Amino acid sequence: MNVANGNAIVVVVLSGDVAGELFDELLEQAPAKVASTMVAAMSDLDLRMAAILTRWVPRGATHRIDTASLVSIRQNGHVPNLDLELMLTDLETLVNIESPSRDVQALAVSAAALASLIEQRLGGTAEIIDSPVGPHVRWSGGGEPKVLVLGHHDTVFPFGSVAARPFKVVEGRAMGPGVFDMKAGIVQAIHGLAQLPDLSGVEILFSADEETGSHDSRGLIVQRALACGAALVLEPSADGGALKTARKGTGTFELLIHGRASHAGLEPEKGVNALIEAAHQVLAVSTLGDTTTGTTVTPTLASAGTADNVVPALATLTIDVRVEAPGEKERIEAAMAGLHPHLSESRLELRGGINRPPMPVSSSAWLFPLAVQVARDLGLGEIAGVAVGGGSDGNFTAANGVATLDGLGAVGGGAHADHEYVLVATMPDRARLLGGIVAALQAR
Ligand SMILES: [Zn+2]
């Protein structure tokens, strides 16, 4: 490693034992005014930082960094050195402000806190967009929109969950309602973006109704995604930090089965048993799945009847549907609409549908390789990509032709369960990854 004349440093990215010695040499030779930044970045021999610095301070020649730029970056608060303690402080703040879907009052408090956090870390002004299901939060770095960082601030946990299990960190795991899905993803994104010297072209949108199907925010999400041309979705990662490159389309149908009540002992023959009809319908819908196309049709909930001696007049079935192949959404919708009663005099009523269209693997066709390359450049190792069954707002952006990559949020487990957790040690690298992908998209 060489230190050039004047105030310029030549950084060579190295690995192995030799790196330690050469770093010591560099730090000895480095001008005092930049030493603190370099030491902060490299004291743990974090060679990845060198790669980041070269990315963020392009000076024409590869690997060449002008120290004057480093100093000004530091003064602007953009030192490329993530502060995990601060990330955890922000995460604690967000987790302990409850934000259950549909709780408009709680979501308003959450949106205000989120807007304030964004402004604190990224500057500018965050817009709070009121809606009947609670406010969404939007922020723009100005300039021509190039990348949408997309998330949601609602959680599946009812108000009061924090009182029972407030934010805590135990043995390297951050825990608390919504920590994994997706408050840690939000914090990582904000801190990852805060490392970038320039945020032009970057938009952030955090919706308030993702967990209930994004019925209000969908239009806004699609509009901003189309304007930006690329969407990075902060849903939790798959196992081991894998990104989500494809998602099945998802839907929920409710089948109401109408019969006629009668006394089960005195004159059962005068009734029309909705429960027996429901049994026929369960078997009928269970044949609609198709393993060759990845379509699943799963009856999940059922109820019928009012009393133990009454022929049931009403039964309800809930059916979970997942589709991924083209045409399967239409096939299933037609098949569900075409269900017919088995018992004469019973009647079927169908509600619901396939809300989220599939996010095909083609939607991440160039974004996923880009993310893999960014991860390599930053020394974060190899990143896997997987197709998953669950839906997200990425389904909407992808269905509208916007390049979409999902699963860029937290690494952990237990989404939607009380034991959900985030691996704290992974948070800075995930922030770097997000920041790096955004930087690459800004440059396109
Ligand atoms: Zn989520």
# chains A, B, ... in the order shown; residues from 1 in each chain; ligands from 1
>>> residues_around(residues="stretch 227-240 of chain A", least_positions_apart="4", cutoff="6 Å", atoms="only C-alpha atoms", output="PyMOL selection string")
chain A and resi 145-151+181+185+402-411
>>> select_by_dssp(residues="stretch 77-143 of chain A", states="alpha helix (DSSP H)", output="ChimeraX atom specification")
/A:84-96,104-122
>>> atom_distance(atom1="atom CA of A:Trp139", atom2="atom CA of A:Val386")
29.4 Å
>>> atom_distance(atom1="atom CA of A:Val374", atom2="atom CA of A:Glu85")
24.7 Å
>>> atom_distance(atom1="atom CA of A:His136", atom2="atom CA of A:Glu119")
15.1 Å
>>> closest_residue(among="A:Ser364, A:Ser214, A:Thr293, A:Gln223", to="ligand 1", atoms="only C-alpha atoms and all ligand atoms")
A:Ser214
>>> residues_around(residues="A:Leu343", least_positions_apart="5", cutoff="10 Å", atoms="only C-alpha atoms", output="MDAnalysis selection string")
chainID A and resid 259 272:274 276:277 280
>>> write_last_selection(atoms="N, CA and C atoms", output="mmCIF file, in the first residue's frame")
data_model
loop_
_atom_site.group_PDB
_atom_site.id
_atom_site.type_symbol
_atom_site.label_atom_id
_atom_site.label_comp_id
_atom_site.auth_asym_id
_atom_site.auth_seq_id
_atom_site.Cartn_x
_atom_site.Cartn_y
_atom_site.Cartn_z
ATOM 1 N N GLY A 259 -77.656 -22.884 3.599
ATOM 2 C CA GLY A 259 -78.577 -24.018 3.617
ATOM 3 C C GLY A 259 -79.890 -23.590 4.267
ATOM 4 N N VAL A 272 -81.560 -28.045 5.018
ATOM 5 C CA VAL A 272 -80.508 -28.230 4.001
ATOM 6 C C VAL A 272 -79.189 -27.998 4.748
ATOM 7 N N ASN A 273 -78.412 -29.054 4.890
ATOM 8 C CA ASN A 273 -77.260 -28.991 5.800
ATOM 9 C C ASN A 273 -76.058 -28.290 5.145
ATOM 10 N N ALA A 274 -75.838 -27.059 5.557
ATOM 11 C CA ALA A 274 -74.743 -26.270 4.983
ATOM 12 C C ALA A 274 -73.384 -26.882 5.300
ATOM 13 N N ILE A 276 -72.681 -30.143 5.477
ATOM 14 C CA ILE A 276 -72.425 -31.229 4.518
ATOM 15 C C ILE A 276 -72.043 -30.644 3.151
ATOM 16 N N GLU A 277 -72.724 -29.590 2.768
ATOM 17 C CA GLU A 277 -72.355 -28.924 1.511
ATOM 18 C C GLU A 277 -70.919 -28.404 1.594
ATOM 19 N N HIS A 280 -68.383 -31.039 0.851
ATOM 20 C CA HIS A 280 -68.210 -31.253 -0.596
ATOM 21 C C HIS A 280 -67.332 -30.158 -1.209
#
>>> residues_around(residues="stretch 188-192 of chain A", least_positions_apart="3", cutoff="8 Å", atoms="only C-alpha atoms", output="NGL selection string")
:A and (82 or 87 or 118 or 121-122 or 149 or 184-185 or 195-196 or 234 or 409-410 or 427-428 or 430-435)
>>> select_by_dssp(residues="stretch 138-172 of chain A", states="strand (DSSP E)", output="JSON, numbers by chain")
{"A": [138, 139, 140, 147, 148, 149, 150, 151, 152, 168, 169, 170]}
>>> residues_around(residues="A:Met359", least_positions_apart="4", cutoff="6 Å", atoms="only C-alpha atoms", output="JSON, numbers by chain")
{"A": [246, 247, 395, 398]}
>>> write_last_selection(atoms="C-alpha atoms", output="PDB file, in the first residue's frame")
ATOM      1  CA  ALA A 246     -39.715 -14.008  -6.946  1.00  0.00           C
ATOM      2  CA  ARG A 247     -42.951 -14.256  -5.024  1.00  0.00           C
ATOM      3  CA  ASN A 395     -45.832  -8.091  -6.115  1.00  0.00           C
ATOM      4  CA  ALA A 398     -43.320  -6.189 -10.315  1.00  0.00           C
TER       5      ALA A 398
END
>>> residues_around(residues="A:Gly251", least_positions_apart="6", cutoff="12 Å", atoms="only C-alpha atoms", output="PyMOL selection string")
chain A and resi 212-213+295-299+318-324+328-330+332-333+336+351-358+389-392+395
>>> write_last_selection(atoms="N, CA and C atoms", output="mmCIF file, in the first residue's frame")
data_model
loop_
_atom_site.group_PDB
_atom_site.id
_atom_site.type_symbol
_atom_site.label_atom_id
_atom_site.label_comp_id
_atom_site.auth_asym_id
_atom_site.auth_seq_id
_atom_site.Cartn_x
_atom_site.Cartn_y
_atom_site.Cartn_z
ATOM 1 N N THR A 212 -52.424 -5.717 5.801
ATOM 2 C CA THR A 212 -53.835 -5.995 5.531
ATOM 3 C C THR A 212 -54.138 -5.940 4.039
ATOM 4 N N GLY A 213 -53.111 -6.009 3.201
ATOM 5 C CA GLY A 213 -53.344 -6.134 1.765
ATOM 6 C C GLY A 213 -53.059 -4.891 0.942
ATOM 7 N N THR A 295 -49.101 -23.862 -8.183
ATOM 8 C CA THR A 295 -50.351 -23.308 -7.637
ATOM 9 C C THR A 295 -50.793 -24.123 -6.432
ATOM 10 N N THR A 296 -51.082 -23.430 -5.332
ATOM 11 C CA THR A 296 -51.629 -24.113 -4.162
ATOM 12 C C THR A 296 -52.986 -23.522 -3.815
ATOM 13 N N VAL A 297 -53.908 -24.397 -3.456
ATOM 14 C CA VAL A 297 -55.248 -23.987 -3.040
ATOM 15 C C VAL A 297 -55.525 -24.739 -1.743
ATOM 16 N N THR A 298 -55.555 -24.003 -0.632
ATOM 17 C CA THR A 298 -55.573 -24.641 0.674
ATOM 18 C C THR A 298 -56.732 -24.144 1.522
ATOM 19 N N PRO A 299 -57.717 -24.992 1.792
ATOM 20 C CA PRO A 299 -58.760 -24.588 2.739
ATOM 21 C C PRO A 299 -58.119 -24.428 4.124
ATOM 22 N N THR A 318 -62.702 -20.598 4.398
ATOM 23 C CA THR A 318 -61.676 -19.674 3.923
ATOM 24 C C THR A 318 -60.630 -20.487 3.180
ATOM 25 N N ILE A 319 -60.233 -19.981 2.040
ATOM 26 C CA ILE A 319 -59.326 -20.737 1.177
ATOM 27 C C ILE A 319 -58.143 -19.853 0.790
ATOM 28 N N ASP A 320 -56.947 -20.302 1.129
ATOM 29 C CA ASP A 320 -55.714 -19.587 0.796
ATOM 30 C C ASP A 320 -55.233 -20.058 -0.577
ATOM 31 N N VAL A 321 -54.929 -19.087 -1.457
ATOM 32 C CA VAL A 321 -54.499 -19.436 -2.820
ATOM 33 C C VAL A 321 -53.162 -18.774 -3.130
ATOM 34 N N ARG A 322 -52.248 -19.533 -3.722
ATOM 35 C CA ARG A 322 -50.950 -18.988 -4.173
ATOM 36 C C ARG A 322 -50.732 -19.412 -5.620
ATOM 37 N N VAL A 323 -50.376 -18.469 -6.461
ATOM 38 C CA VAL A 323 -50.112 -18.799 -7.863
ATOM 39 C C VAL A 323 -48.799 -18.158 -8.301
ATOM 40 N N GLU A 324 -48.095 -18.800 -9.212
ATOM 41 C CA GLU A 324 -46.890 -18.166 -9.734
ATOM 42 C C GLU A 324 -46.810 -18.171 -11.260
ATOM 43 N N GLU A 328 -52.454 -18.690 -14.230
ATOM 44 C CA GLU A 328 -53.010 -19.444 -13.117
ATOM 45 C C GLU A 328 -53.965 -18.608 -12.269
ATOM 46 N N LYS A 329 -53.676 -17.315 -12.168
ATOM 47 C CA LYS A 329 -54.586 -16.425 -11.429
ATOM 48 C C LYS A 329 -55.975 -16.503 -12.060
ATOM 49 N N GLU A 330 -56.019 -16.382 -13.375
ATOM 50 C CA GLU A 330 -57.295 -16.377 -14.086
ATOM 51 C C GLU A 330 -57.969 -17.755 -13.968
ATOM 52 N N ILE A 332 -57.692 -20.015 -11.592
ATOM 53 C CA ILE A 332 -58.234 -20.255 -10.258
ATOM 54 C C ILE A 332 -59.463 -19.382 -10.005
ATOM 55 N N GLU A 333 -59.375 -18.142 -10.425
ATOM 56 C CA GLU A 333 -60.533 -17.255 -10.211
ATOM 57 C C GLU A 333 -61.771 -17.798 -10.937
ATOM 58 N N MET A 336 -62.999 -20.945 -9.066
ATOM 59 C CA MET A 336 -63.688 -20.626 -7.811
ATOM 60 C C MET A 336 -65.084 -20.073 -8.118
ATOM 61 N N ARG A 351 -66.634 -14.736 -2.020
ATOM 62 C CA ARG A 351 -66.054 -13.404 -1.774
ATOM 63 C C ARG A 351 -64.536 -13.497 -1.900
ATOM 64 N N GLY A 352 -63.903 -12.347 -2.012
ATOM 65 C CA GLY A 352 -62.438 -12.312 -2.050
ATOM 66 C C GLY A 352 -61.885 -12.593 -3.433
ATOM 67 N N GLY A 353 -60.598 -12.830 -3.501
ATOM 68 C CA GLY A 353 -59.958 -13.057 -4.791
ATOM 69 C C GLY A 353 -58.451 -13.092 -4.609
ATOM 70 N N ILE A 354 -57.744 -13.091 -5.725
ATOM 71 C CA ILE A 354 -56.278 -13.075 -5.691
ATOM 72 C C ILE A 354 -55.849 -11.618 -5.724
ATOM 73 N N ASN A 355 -55.455 -11.119 -4.570
ATOM 74 C CA ASN A 355 -55.179 -9.695 -4.395
ATOM 75 C C ASN A 355 -53.830 -9.303 -4.979
ATOM 76 N N ARG A 356 -52.824 -10.129 -4.672
ATOM 77 C CA ARG A 356 -51.484 -9.767 -5.155
ATOM 78 C C ARG A 356 -51.095 -10.656 -6.332
ATOM 79 N N PRO A 357 -50.823 -10.050 -7.478
ATOM 80 C CA PRO A 357 -50.387 -10.853 -8.627
ATOM 81 C C PRO A 357 -48.987 -11.406 -8.364
ATOM 82 N N PRO A 358 -48.561 -12.420 -9.109
ATOM 83 C CA PRO A 358 -47.222 -12.978 -8.875
ATOM 84 C C PRO A 358 -46.126 -11.948 -9.153
ATOM 85 N N GLY A 389 -43.197 -18.127 -1.301
ATOM 86 C CA GLY A 389 -44.642 -18.202 -1.482
ATOM 87 C C GLY A 389 -45.388 -16.966 -1.017
ATOM 88 N N GLY A 390 -44.836 -16.259 -0.041
ATOM 89 C CA GLY A 390 -45.544 -15.129 0.559
ATOM 90 C C GLY A 390 -45.558 -13.915 -0.346
ATOM 91 N N GLY A 391 -46.562 -13.068 -0.192
ATOM 92 C CA GLY A 391 -46.676 -11.864 -1.010
ATOM 93 C C GLY A 391 -46.190 -10.632 -0.266
ATOM 94 N N SER A 392 -45.899 -9.574 -1.020
ATOM 95 C CA SER A 392 -45.532 -8.291 -0.421
ATOM 96 C C SER A 392 -45.913 -7.199 -1.414
ATOM 97 N N ASN A 395 -44.970 -7.477 -5.097
ATOM 98 C CA ASN A 395 -45.832 -8.091 -6.115
ATOM 99 C C ASN A 395 -46.482 -7.022 -6.982
#
>>> residues_around(residues="A:Leu91", least_positions_apart="3", cutoff="12 Å", atoms="only C-alpha atoms", output="MDAnalysis selection string")
chainID A and resid 84:88 94:97 113:114 117 166:169 174:180 182:191 410 422 424 427
>>> closest_residue(among="A:Val282, A:Leu288, A:Ala208, A:Ala440", to="ligand 1", atoms="only C-alpha atoms and all ligand atoms")
A:Ala208
>>> closest_residue(among="A:Thr292, A:Thr155, A:Ser101, A:Thr426", to="ligand 1", atoms="only C-alpha atoms and all ligand atoms")
A:Thr155
>>> closest_residue(among="A:Thr245, A:Asn309, A:Gln373, A:Ser207", to="ligand 1", atoms="only C-alpha atoms and all ligand atoms")
A:Ser207
>>> closest_residue(among="A:Thr89, A:Ser262, A:Asn81, A:Thr300", to="A:Asp429", atoms="only C-alpha atoms")
A:Asn81
